[in-house]
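Data from final_1.pdb: PDB, C-alpha atoms
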```
ATOM      1  CA  MET A   1     103.050  80.863  96.311
ATOM      2  CA  GLU A   2     105.498  83.517  97.502
ATOM      3  CA  GLU A   3     108.980  83.921  96.048
ATOM      4  CA  LEU A   4     111.537  82.131  98.208
ATOM      5  CA  THR A   5     113.688  84.660 100.093
ATOM      6  CA  ILE A   6     114.826  82.252 102.794
ATOM      7  CA  HIS A   7     118.579  81.702 102.864
ATOM      8  CA  THR A   8     119.561  80.572 106.370
ATOM      9  CA  PRO A   9     118.197  78.249 109.082
ATOM     10  CA  ALA A  10     117.340  81.367 111.084
ATOM     11  CA  ASP A  11     115.224  82.586 108.170
ATOM     12  CA  VAL A  12     113.421  79.233 108.013
ATOM     13  CA  LEU A  13     112.601  79.259 111.727
ATOM     14  CA  SER A  14     111.446  82.873 111.589
ATOM     15  CA  PHE A  15     109.195  82.078 108.644
ATOM     16  CA  VAL A  16     107.706  79.080 110.442
ATOM     17  CA  GLY A  17     107.155  81.014 113.662
ATOM     18  CA  HIS A  18     105.419  83.928 111.962
ATOM     19  CA  THR A  19     103.375  81.684 109.675
ATOM     20  CA  LEU A  20     102.073  79.609 112.579
ATOM     21  CA  GLY A  21     101.955  82.514 115.037
ATOM     22  CA  PHE A  22     103.723  80.530 117.769
ATOM     23  CA  TRP A  23     106.935  78.620 118.484
ATOM     24  CA  PRO A  24     106.334  74.871 117.904
ATOM     25  CA  GLN A  25     107.196  72.314 120.578
ATOM     26  CA  GLU A  26     107.634  68.562 120.023
ATOM     27  CA  SER A  27     106.397  69.084 116.483
ATOM     28  CA  LEU A  28     107.126  68.280 112.868
ATOM     29  CA  VAL A  29     106.764  71.263 110.547
ATOM     30  CA  CYS A  30     106.779  70.790 106.767
ATOM     31  CA  ILE A  31     106.837  73.458 104.056
ATOM     32  CA  THR A  32     105.989  72.490 100.485
ATOM     33  CA  MET A  33     108.109  73.936  97.682
ATOM     34  CA  SER A  34     107.993  74.269  93.916
ATOM     35  CA  ASP A  35     111.334  75.287  92.436
ATOM     36  CA  ASN A  36     112.238  78.319  94.543
ATOM     37  CA  ARG A  37     108.750  79.121  95.764
ATOM     38  CA  ILE A  38     107.197  78.176  99.059
ATOM     39  CA  GLY A  39     103.692  76.797  99.359
ATOM     40  CA  ALA A  40     101.795  75.368 102.319
ATOM     41  CA  THR A  41     103.029  75.075 105.903
ATOM     42  CA  LEU A  42     101.905  72.109 108.007
ATOM     43  CA  ARG A  43     102.545  71.548 111.727
ATOM     44  CA  VAL A  44     101.714  68.281 113.484
ATOM     45  CA  ASP A  45     102.624  66.793 116.843
ATOM     46  CA  LEU A  46     105.485  64.309 116.684
ATOM     47  CA  PRO A  47     104.285  60.686 116.606
ATOM     48  CA  LYS A  48     104.389  58.022 119.286
ATOM     49  CA  ARG A  49     106.884  55.212 118.836
ATOM     50  CA  GLY A  50     105.541  52.469 116.590
ATOM     51  CA  THR A  51     103.197  54.720 114.594
ATOM     52  CA  GLU A  52     105.789  56.271 112.282
ATOM     53  CA  ILE A  53     104.620  54.643 109.030
ATOM     54  CA  SER A  54     100.926  55.500 109.362
ATOM     55  CA  TYR A  55     101.878  58.956 110.641
ATOM     56  CA  ALA A  56     104.122  59.571 107.618
ATOM     57  CA  GLN A  57     101.416  58.453 105.214
ATOM     58  CA  THR A  58      98.946  60.880 106.791
ATOM     59  CA  VAL A  59     101.409  63.789 106.686
ATOM     60  CA  ALA A  60     102.398  63.051 103.077
ATOM     61  CA  GLY A  61      98.720  62.887 102.146
ATOM     62  CA  TYR A  62      98.156  66.375 103.520
ATOM     63  CA  LEU A  63     101.239  67.764 101.758
ATOM     64  CA  ALA A  64     100.193  66.181  98.447
ATOM     65  CA  HIS A  65      97.141  68.440  98.366
ATOM     66  CA  ASP A  66      99.566  71.131  97.164
ATOM     67  CA  THR A  67      99.595  69.872  93.595
ATOM     68  CA  ASN A  68     102.336  72.323  92.586
ATOM     69  CA  ALA A  69     104.792  71.034  95.181
ATOM     70  CA  SER A  70     107.792  68.961  94.106
ATOM     71  CA  SER A  71     109.785  68.963  97.350
ATOM     72  CA  VAL A  72     109.453  69.521 101.089
ATOM     73  CA  LEU A  73     111.514  71.378 103.671
ATOM     74  CA  PHE A  74     111.018  70.018 107.191
ATOM     75  CA  ALA A  75     111.978  70.919 110.750
ATOM     76  CA  VAL A  76     111.812  68.627 113.765
ATOM     77  CA  TYR A  77     111.254  70.614 116.962
ATOM     78  CA  THR A  78     112.172  68.557 120.039
ATOM     79  CA  SER A  79     114.006  68.833 123.347
ATOM     80  CA  GLN A  80     115.740  65.590 122.366
ATOM     81  CA  ALA A  81     117.858  67.623 119.949
ATOM     82  CA  GLU A  82     120.113  68.632 122.834
ATOM     83  CA  GLN A  83     121.074  64.978 123.479
ATOM     84  CA  VAL A  84     124.378  63.987 121.833
ATOM     85  CA  SER A  85     123.736  60.922 119.674
ATOM     86  CA  GLU A  86     124.650  59.637 116.224
ATOM     87  CA  VAL A  87     120.994  58.737 115.658
ATOM     88  CA  ARG A  88     118.835  61.789 115.090
ATOM     89  CA  PRO A  89     115.606  62.105 117.094
ATOM     90  CA  HIS A  90     112.634  60.673 115.187
ATOM     91  CA  ALA A  91     114.877  59.232 112.467
ATOM     92  CA  ALA A  92     112.293  56.507 111.796
ATOM     93  CA  THR A  93     109.647  59.169 111.219
ATOM     94  CA  ILE A  94     111.775  61.076 108.703
ATOM     95  CA  ALA A  95     112.720  57.855 106.901
ATOM     96  CA  ALA A  96     109.046  56.873 106.638
ATOM     97  CA  LEU A  97     108.111  60.383 105.481
ATOM     98  CA  THR A  98     110.812  60.287 102.788
ATOM     99  CA  GLY A  99     109.300  57.108 101.394
ATOM    100  CA  ALA A 100     105.709  58.315 101.662
ATOM    101  CA  LEU A 101     106.554  61.530  99.811
ATOM    102  CA  ALA A 102     108.437  59.630  97.101
ATOM    103  CA  GLU A 103     105.282  57.574  96.456
ATOM    104  CA  ARG A 104     103.565  60.886  95.697
ATOM    105  CA  GLY A 105     106.335  62.266  93.460
ATOM    106  CA  MET A 106     107.893  64.564  96.064
ATOM    107  CA  SER A 107     111.310  64.612  97.691
ATOM    108  CA  ILE A 108     112.889  65.989 100.862
ATOM    109  CA  ARG A 109     114.760  69.158  99.969
ATOM    110  CA  ASP A 110     116.310  69.890 103.353
ATOM    111  CA  GLY A 111     115.733  69.368 107.044
ATOM    112  CA  LEU A 112     116.459  71.071 110.349
ATOM    113  CA  LEU A 113     116.669  69.787 113.913
ATOM    114  CA  VAL A 114     115.493  72.410 116.378
ATOM    115  CA  GLY A 115     116.232  72.067 120.072
ATOM    116  CA  ASP A 116     115.515  74.281 123.056
ATOM    117  CA  GLU A 117     118.529  76.498 122.404
ATOM    118  CA  THR A 118     120.081  75.578 119.029
ATOM    119  CA  VAL A 119     119.257  74.560 115.456
ATOM    120  CA  CYS A 120     121.327  72.444 113.079
ATOM    121  CA  GLN A 121     121.008  70.504 109.840
ATOM    122  CA  TYR A 122     119.033  67.332 110.451
ATOM    123  CA  ASP A 123     121.482  65.159 108.514
ATOM    124  CA  GLY A 124     124.569  67.052 109.626
ATOM    125  CA  GLY A 125     125.723  64.497 112.198
ATOM    126  CA  ALA A 126     125.999  64.794 115.977
ATOM    127  CA  ASN A 127     129.100  66.973 115.740
ATOM    128  CA  GLY A 128     127.848  69.190 112.938
ATOM    129  CA  PRO A 129     127.692  72.978 113.289
ATOM    130  CA  SER A 130     124.755  74.481 115.141
ATOM    131  CA  LEU A 131     123.272  77.952 115.421
ATOM    132  CA  PRO A 132     121.805  79.546 118.552
ATOM    133  CA  LEU A 133     118.043  80.097 118.317
ATOM    134  CA  ALA A 134     118.605  83.709 119.349
ATOM    135  CA  ALA A 135     119.890  84.262 115.798
ATOM    136  CA  THR A 136     116.289  84.136 114.555
ATOM    137  CA  GLN A 137     115.651  87.505 116.173
ATOM    138  CA  SER A 138     118.129  89.206 113.863
ATOM    139  CA  SER A 139     117.209  87.348 110.672
ATOM    140  CA  GLN A 140     116.036  89.302 107.637
ATOM    141  CA  ILE A 141     112.778  87.332 107.470
ATOM    142  CA  ASN A 142     111.982  88.080 111.109
ATOM    143  CA  ALA A 143     112.613  91.787 110.601
ATOM    144  CA  GLU A 144     110.289  91.833 107.582
ATOM    145  CA  PHE A 145     107.433  90.097 109.404
ATOM    146  CA  VAL A 146     107.811  92.257 112.498
ATOM    147  CA  TYR A 147     107.642  95.299 110.226
ATOM    148  CA  ARG A 148     104.341  93.932 108.861
ATOM    149  CA  GLY A 149     102.990  93.675 112.402
ATOM    150  CA  SER A 150     103.416  89.916 112.871
ATOM    151  CA  THR A 151     104.428  88.392 116.220
ATOM    152  CA  ILE A 152     105.431  84.935 117.489
ATOM    153  CA  GLU A 153     103.887  83.658 120.711
ATOM    154  CA  PRO A 154     105.972  81.360 122.964
ATOM    155  CA  THR A 155     103.389  78.560 122.624
ATOM    156  CA  ASN A 156     100.049  77.972 120.952
ATOM    157  CA  ARG A 157      98.205  77.879 124.261
ATOM    158  CA  ILE A 158      95.207  80.180 124.100
ATOM    159  CA  THR A 159      94.547  82.850 126.688
ATOM    160  CA  LEU A 160      90.924  83.853 127.008
ATOM    161  CA  PRO A 161      89.862  87.333 128.071
ATOM    162  CA  ALA A 162      88.267  87.261 131.506
ATOM    163  CA  SER A 163      84.497  87.202 131.705
ATOM    164  CA  THR A 164      83.454  90.464 133.333
ATOM    165  CA  LYS A 165      79.724  89.822 133.455
ATOM    166  CA  GLU A 166      79.463  86.371 135.059
ATOM    167  CA  THR A 167      76.364  87.242 137.055
ATOM    168  CA  GLU A 168      75.251  90.544 135.567
ATOM    169  CA  THR A 169      74.064  89.193 132.213
ATOM    170  CA  ALA A 170      73.084  85.661 133.239
ATOM    171  CA  ASP A 171      69.532  86.603 134.263
ATOM    172  CA  ALA A 172      69.090  88.900 131.264
ATOM    173  CA  VAL A 173      70.138  86.129 128.890
ATOM    174  CA  GLU A 174      67.799  83.658 130.591
ATOM    175  CA  ASP A 175      64.899  86.086 130.202
ATOM    176  CA  ARG A 176      65.732  86.516 126.531
ATOM    177  CA  VAL A 177      65.984  82.733 126.029
ATOM    178  CA  LYS A 178      62.474  82.348 127.459
ATOM    179  CA  ALA A 179      61.153  85.080 125.163
ATOM    180  CA  LEU A 180      62.740  83.423 122.116
ATOM    181  CA  GLY A 181      61.203  80.117 123.132
ATOM    182  CA  ASN A 182      57.755  81.676 122.760
ATOM    183  CA  LEU A 183      58.418  82.732 119.152
ATOM    184  CA  LYS A 184      57.966  80.656 116.027
ATOM    185  CA  VAL A 185      61.300  79.164 114.968
ATOM    186  CA  GLY A 186      61.256  81.024 111.660
ATOM    187  CA  ASP A 187      60.625  84.380 113.331
ATOM    188  CA  ALA A 188      63.318  83.839 115.965
ATOM    189  CA  LEU A 189      65.802  82.798 113.294
ATOM    190  CA  GLU A 190      65.015  85.779 111.088
ATOM    191  CA  GLN A 191      65.505  88.230 113.975
ATOM    192  CA  ALA A 192      68.774  86.565 115.017
ATOM    193  CA  ARG A 193      70.220  86.622 111.501
ATOM    194  CA  ALA A 194      69.307  90.265 111.045
ATOM    195  CA  ARG A 195      71.062  91.207 114.299
ATOM    196  CA  TRP A 196      74.121  89.118 113.441
ATOM    197  CA  THR A 197      74.345  90.592 109.948
ATOM    198  CA  ASP A 198      74.310  94.115 111.375
ATOM    199  CA  MET A 199      77.025  93.177 113.869
ATOM    200  CA  LEU A 200      79.221  91.695 111.142
ATOM    201  CA  LYS A 201      78.824  94.804 108.988
ATOM    202  CA  SER A 202      79.546  97.182 111.854
ATOM    203  CA  THR A 203      83.011  98.462 112.730
ATOM    204  CA  SER A 204      82.331  98.732 116.458
ATOM    205  CA  TYR A 205      81.244  96.374 119.205
ATOM    206  CA  PRO A 206      77.486  96.091 119.844
ATOM    207  CA  ASP A 207      75.742  97.545 122.886
ATOM    208  CA  ARG A 208      74.699  95.503 125.893
ATOM    209  CA  ASP A 209      71.202  94.694 124.620
ATOM    210  CA  ASP A 210      72.509  93.319 121.346
ATOM    211  CA  ILE A 211      75.130  91.264 123.188
ATOM    212  CA  VAL A 212      72.485  89.791 125.491
ATOM    213  CA  ASN A 213      70.297  88.959 122.477
ATOM    214  CA  PHE A 214      73.260  87.433 120.649
ATOM    215  CA  ILE A 215      74.261  85.206 123.578
ATOM    216  CA  ALA A 216      70.627  84.105 123.927
ATOM    217  CA  ASP A 217      70.368  83.370 120.188
ATOM    218  CA  LEU A 218      73.366  81.021 120.395
ATOM    219  CA  GLN A 219      71.675  78.902 123.074
ATOM    220  CA  PHE A 220      69.358  77.444 120.403
ATOM    221  CA  PRO A 221      71.178  74.896 118.185
ATOM    222  CA  VAL A 222      69.131  75.685 115.061
ATOM    223  CA  ILE A 223      69.948  79.401 115.402
ATOM    224  CA  ARG A 224      73.558  78.775 116.459
ATOM    225  CA  ASP A 225      74.307  76.663 113.382
ATOM    226  CA  ARG A 226      72.752  79.202 111.029
ATOM    227  CA  LEU A 227      74.649  82.125 112.571
ATOM    228  CA  MET A 228      77.925  80.178 112.357
ATOM    229  CA  ALA A 229      77.240  79.398 108.699
ATOM    230  CA  ASP A 230      76.597  83.101 108.055
ATOM    231  CA  ILE A 231      80.110  84.029 109.206
ATOM    232  CA  PRO A 232      82.131  83.338 106.001
ATOM    233  CA  GLY A 233      79.771  85.328 103.773
ATOM    234  CA  ILE A 234      79.156  82.449 101.344
ATOM    235  CA  GLU A 235      75.832  81.507  99.774
ATOM    236  CA  GLU A 236      75.894  77.718 100.010
ATOM    237  CA  ARG A 237      74.294  74.846 101.887
ATOM    238  CA  MET A 238      74.810  75.248 105.608
ATOM    239  CA  ASP A 239      76.548  71.906 106.104
ATOM    240  CA  ARG A 240      79.037  72.617 103.304
ATOM    241  CA  ILE A 241      79.911  75.957 104.891
ATOM    242  CA  LEU A 242      80.331  74.584 108.411
ATOM    243  CA  LEU A 243      82.580  71.792 107.118
ATOM    244  CA  ALA A 244      84.529  74.235 104.896
ATOM    245  CA  GLN A 245      83.646  72.324 101.717
ATOM    246  CA  THR A 246      82.634  75.204  99.440
ATOM    247  CA  ASP A 247      84.417  76.210  96.255
ATOM    248  CA  ASP A 248      83.989  79.896  97.068
ATOM    249  CA  LYS A 249      86.593  81.616  99.247
ATOM    250  CA  PRO A 250      85.416  82.896 102.642
ATOM    251  CA  GLU A 251      85.568  86.618 103.361
ATOM    252  CA  TRP A 252      88.437  86.138 105.781
ATOM    253  CA  SER A 253      88.362  89.681 107.161
ATOM    254  CA  ARG A 254      84.696  89.106 108.018
ATOM    255  CA  VAL A 255      85.615  85.794 109.684
ATOM    256  CA  GLU A 256      88.278  87.534 111.771
ATOM    257  CA  TRP A 257      85.801  90.201 112.863
ATOM    258  CA  ALA A 258      83.284  87.499 113.775
ATOM    259  CA  GLN A 259      85.870  85.930 116.060
ATOM    260  CA  GLN A 260      86.441  89.260 117.790
ATOM    261  CA  LEU A 261      82.700  89.687 118.262
ATOM    262  CA  LEU A 262      82.390  86.182 119.709
ATOM    263  CA  LEU A 263      85.240  86.751 122.145
ATOM    264  CA  HIS A 264      83.666  90.068 123.117
ATOM    265  CA  ALA A 265      80.406  88.230 123.762
ATOM    266  CA  TYR A 266      82.325  85.676 125.846
ATOM    267  CA  THR A 267      83.552  88.428 128.179
ATOM    268  CA  HIS A 268      79.904  89.345 128.803
ATOM    269  CA  SER A 269      78.620  85.802 129.244
ATOM    270  CA  SER A 270      78.218  83.551 132.244
ATOM    271  CA  THR A 271      79.884  80.131 132.268
ATOM    272  CA  LYS A 272      76.427  78.614 131.839
ATOM    273  CA  HIS A 273      75.989  80.328 128.470
ATOM    274  CA  SER A 274      79.572  80.261 127.143
ATOM    275  CA  ALA A 275      79.796  76.796 125.510
ATOM    276  CA  PRO A 276      78.186  77.767 122.158
ATOM    277  CA  ILE A 277      80.361  80.889 121.961
ATOM    278  CA  LEU A 278      83.563  78.918 122.509
ATOM    279  CA  THR A 279      82.446  76.252 120.050
ATOM    280  CA  ALA A 280      81.854  78.863 117.343
ATOM    281  CA  VAL A 281      85.342  80.294 117.963
ATOM    282  CA  ALA A 282      86.729  76.751 117.683
ATOM    283  CA  PHE A 283      85.158  76.366 114.233
ATOM    284  CA  ILE A 284      86.746  79.621 113.082
ATOM    285  CA  ASN A 285      90.176  78.418 114.211
ATOM    286  CA  TRP A 286      89.639  75.102 112.429
ATOM    287  CA  TRP A 287      88.571  76.906 109.251
ATOM    288  CA  GLU A 288      91.791  78.928 109.447
ATOM    289  CA  GLY A 289      93.941  75.825 109.806
ATOM    290  CA  ARG A 290      94.612  76.090 113.547
ATOM    291  CA  GLY A 291      93.471  72.636 114.610
ATOM    292  CA  SER A 292      95.320  72.622 117.926
ATOM    293  CA  LYS A 293      93.744  75.913 118.960
ATOM    294  CA  ALA A 294      90.332  74.699 117.832
ATOM    295  CA  HIS A 295      90.803  71.676 120.100
ATOM    296  CA  GLN A 296      91.621  73.958 123.037
ATOM    297  CA  PHE A 297      88.501  76.060 122.513
ATOM    298  CA  LEU A 298      86.378  72.912 122.309
ATOM    299  CA  GLN A 299      87.896  71.647 125.545
ATOM    300  CA  LEU A 300      87.021  74.954 127.212
ATOM    301  CA  ALA A 301      83.485  74.646 125.872
ATOM    302  CA  LEU A 302      83.231  71.179 127.403
ATOM    303  CA  GLU A 303      84.570  72.483 130.698
ATOM    304  CA  ALA A 304      81.749  75.023 130.671
ATOM    305  CA  ASP A 305      79.188  72.369 129.691
ATOM    306  CA  PRO A 306      80.436  68.736 129.689
ATOM    307  CA  ALA A 307      77.285  67.636 127.861
ATOM    308  CA  TYR A 308      77.570  70.143 125.011
ATOM    309  CA  HIS A 309      77.030  67.879 122.006
ATOM    310  CA  LEU A 310      78.424  70.015 119.178
ATOM    311  CA  ALA A 311      81.680  70.602 121.049
ATOM    312  CA  ARG A 312      82.066  66.901 121.761
ATOM    313  CA  VAL A 313      81.450  65.633 118.206
ATOM    314  CA  SER A 314      83.525  68.470 116.723
ATOM    315  CA  ASP A 315      86.458  67.587 118.956
ATOM    316  CA  ILE A 316      86.265  63.992 117.748
ATOM    317  CA  MET A 317      86.205  65.214 114.143
ATOM    318  CA  ILE A 318      89.200  67.508 114.556
ATOM    319  CA  GLY A 319      91.054  64.980 116.684
ATOM    320  CA  SER A 320      90.757  62.429 113.869
ATOM    321  CA  GLY A 321      92.904  64.706 111.706
ATOM    322  CA  MET A 322      90.171  66.092 109.452
ATOM    323  CA  VAL A 323      91.433  69.224 107.719
ATOM    324  CA  ALA A 324      89.084  72.054 106.742
ATOM    325  CA  GLY A 325      88.509  71.865 103.006
ATOM    326  CA  TRP A 326      89.334  75.531 102.492
ATOM    327  CA  ASN A 327      92.907  74.879 103.635
ATOM    328  CA  ILE A 328      93.454  72.171 101.026
ATOM    329  CA  ASN A 329      93.019  74.720  98.221
ATOM    330  CA  LYS A 330      95.516  77.601  98.282
ATOM    331  CA  GLY A 331      92.929  79.735  96.476
ATOM    332  CA  THR A 332      90.549  79.553  99.444
ATOM    333  CA  ALA A 333      92.946  78.983 102.346
ATOM    334  CA  TYR A 334      93.305  81.491 105.141
ATOM    335  CA  ARG A 335      96.385  83.704 105.255
ATOM    336  CA  ASP A 336      97.328  85.735 108.280
ATOM    337  CA  PRO A 337      97.055  89.429 107.261
ATOM    338  CA  GLY A 338     100.502  89.973 108.774
ATOM    339  CA  LEU A 339     101.996  87.670 106.146
ATOM    340  CA  GLU A 340     100.520  89.313 103.072
ATOM    341  CA  ALA A 341     103.046  90.577 100.545
TER     342      ALA A 341
END
```

Kindly transcribe the structure held in the file into structure tokens.
Amino acid sequence: MEELTIHTPADVLSFVGHTLGFWPQESLVCITMSDNRIGATLRVDLPKRGTEISYAQTVAGYLAHDTNASSVLFAVYTSQAEQVSEVRPHAATIAALTGALAERGMSIRDGLLVGDETVCQYDGGANGPSLPLAATQSSQINAEFVYRGSTIEPTNRITLPASTKETETADAVEDRVKALGNLKVGDALEQARARWTDMLKSTSYPDRDDIVNFIADLQFPVIRDRLMADIPGIEERMDRILLAQTDDKPEWSRVEWAQQLLLHAYTHSSTKHSAPILTAVAFINWWEGRGSKAHQFLQLALEADPAYHLARVSDIMIGSGMVAGWNINKGTAYRDPGLEA
């Protein structure tokens, strides 16, 4: 945990924005705390009416994975905050969360209500003082994170680089797929892993031939799964790696580079061949705790190939609320390099 240097609501919102990498909308954000130290940050969509109790139990269950935490700081981000009312938006949710946390030995330390233009104390009453959101730009926390190179995007919507080789590489990849199909599975897998290992160790993007080979390799599920499992740099069973269930910490810088390589490959791929690339990027985002972005990448994979099985079952898994095991343990969880002390 980092030492707590947050003093104002503007500091809290800046910390949340830089930790998540985007400005939440219609969301509940919770930060676990132990004395004056901050722990894990969790963002979830706000619940539908009538589901508050089950929702609160799920959220409290996630927060309880931080075994050092004794209290929680929360922020409700909603456009409803601008409506003048004695009853706070999502009051039933916060009441249910308070009870669910108490069952696990934790308490609510403080809460904020964040609207489109202002922020105020959640329990401060309808006429309580508010602060313009623009104040976050001049907060001490924001200045520190900006100095470290961190930025906050307006939303968490992903923007993919344009594919520049829609037709140019399609035939080349198809030819390579046919050639791989004529090899023994073991030989094809060995060649693919050797190429991928070299790419992960390199500090520059591969040439066209290697990109074509890489895209072709990913078209075979047995090769795709093995190459994805090779990304974190962990010697474990493949299924445990893919589901982020290992005790060893991933080499996160290697994982980040793998994502860049995959996105580079995407810009050289045709739509026909892009589904496995986008699915692999989705897994990386899930490993790093970005479930909503993982969902978006999986949806893009299914747009490219509606029958792509791994994308479909993975989207069901992530949509059910399954959290990558690495993010449950602060010793293995991903941390944005821009937030390192």

* **Resolved residues for the PyMOL selection byres ((chain A and resi 123) around 12) as an NGL selection string** => :A and (74-76 or 86-91 or 94-95 or 108-113 or 119-122 or 124-130)

With C-alpha atoms retained, write the just-selected residues as an mmCIF file, in the frame of the given file.
```
data_model
loop_
_atom_site.group_PDB
_atom_site.id
_atom_site.type_symbol
_atom_site.label_atom_id
_atom_site.label_comp_id
_atom_site.auth_asym_id
_atom_site.auth_seq_id
_atom_site.Cartn_x
_atom_site.Cartn_y
_atom_site.Cartn_z
ATOM 1 C CA PHE A 74 111.018 70.018 107.191
ATOM 2 C CA ALA A 75 111.978 70.919 110.750
ATOM 3 C CA VAL A 76 111.812 68.627 113.765
ATOM 4 C CA GLU A 86 124.650 59.637 116.224
ATOM 5 C CA VAL A 87 120.994 58.737 115.658
ATOM 6 C CA ARG A 88 118.835 61.789 115.090
ATOM 7 C CA PRO A 89 115.606 62.105 117.094
ATOM 8 C CA HIS A 90 112.634 60.673 115.187
ATOM 9 C CA ALA A 91 114.877 59.232 112.467
ATOM 10 C CA ILE A 94 111.775 61.076 108.703
ATOM 11 C CA ALA A 95 112.720 57.855 106.901
ATOM 12 C CA ILE A 108 112.889 65.989 100.862
ATOM 13 C CA ARG A 109 114.760 69.158 99.969
ATOM 14 C CA ASP A 110 116.310 69.890 103.353
ATOM 15 C CA GLY A 111 115.733 69.368 107.044
ATOM 16 C CA LEU A 112 116.459 71.071 110.349
ATOM 17 C CA LEU A 113 116.669 69.787 113.913
ATOM 18 C CA VAL A 119 119.257 74.560 115.456
ATOM 19 C CA CYS A 120 121.327 72.444 113.079
ATOM 20 C CA GLN A 121 121.008 70.504 109.840
ATOM 21 C CA TYR A 122 119.033 67.332 110.451
ATOM 22 C CA GLY A 124 124.569 67.052 109.626
ATOM 23 C CA GLY A 125 125.723 64.497 112.198
ATOM 24 C CA ALA A 126 125.999 64.794 115.977
ATOM 25 C CA ASN A 127 129.100 66.973 115.740
ATOM 26 C CA GLY A 128 127.848 69.190 112.938
ATOM 27 C CA PRO A 129 127.692 72.978 113.289
ATOM 28 C CA SER A 130 124.755 74.481 115.141
#
```

* **Counting only C-alpha atoms, the option among A:Thr332, A:Asn213, A:Thr32, A:Thr8 closest to A:Gln245** =>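 Among the listed residues, the smallest separation from A:Gln245 belongs to A:Thr332.
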
* Asked: If we count all atoms listed in the file, what is near A:Ala10 at a cut-off of 8 Å, once residues fewer than 3 positions away on the same chain are taken out, given as number ranges by chain?
  -> A: 13-14, 133, 135-136, 139

* Structure fact -> In Å and to one decimal, atom CA of A:Glu251 is distant from atom CA of A:Lys330 by 14.4 Å

* Point out the residue among A:Pro47, A:Ala216, A:Ala64, A:Arg226 with the least atom-to-atom distance to A:Ser270, counting all atoms listed in the file. =>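 Closest to A:Ser270 of all the choices is A:Ala216.
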
* **Residues matched by the PyMOL selection byres ((chain A and resi 60) around 8), written as number ranges by chain** => A: 56-59, 61-64, 97, 100-101, 104

* Just say which residues the PyMOL selection byres ((chain A and resi 107) around 7) picks in this file, as a PyMOL selection string. => chain A and resi 70-72+98+101-102+105-106+108-109

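The interatomic distance for the pair atom CA of A:His295 and atom CA of A:Asp66 works out to 24.6 Å.
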
* Asked: Mind pulling up the distance from atom CA of A:Asn285 to atom CA of A:Cys30?
  -> 19.7 Å

* To do: Could you give me, as a VMD selection string, the residues within 6 Å of stretch 301-316 of chain A, counting all atoms listed in the file and dropping anything in the same chain fewer than 4 positions from it?
  => chain A and resid 271 275 278 to 279

* Considering only C-alpha atoms, state which residue in the set A:Thr203, A:Thr19, A:Ser54, A:Thr197 is at the smallest distance from A:Ile141. =>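 Closest residue, counting only C-alpha atoms: A:Thr19.
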
* Minimum-distance residue to A:Ala134, chosen among A:Phe214, A:Arg148, A:Val255, A:Thr118 (using all atoms listed in the file) ->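 Under the stated criterion, the closest residue is A:Thr118.
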
* Neighbours of A:Gln259 within 12 Å (all atoms listed in the file; same-chain residues fewer than 3 positions away dropped), as a count of residues only? -> 27

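Closest approach to A:Thr151 from the set A:Gly21, A:Pro221, A:Gly331, A:Pro9 is made by A:Gly21, with distances taken over only C-alpha atoms.
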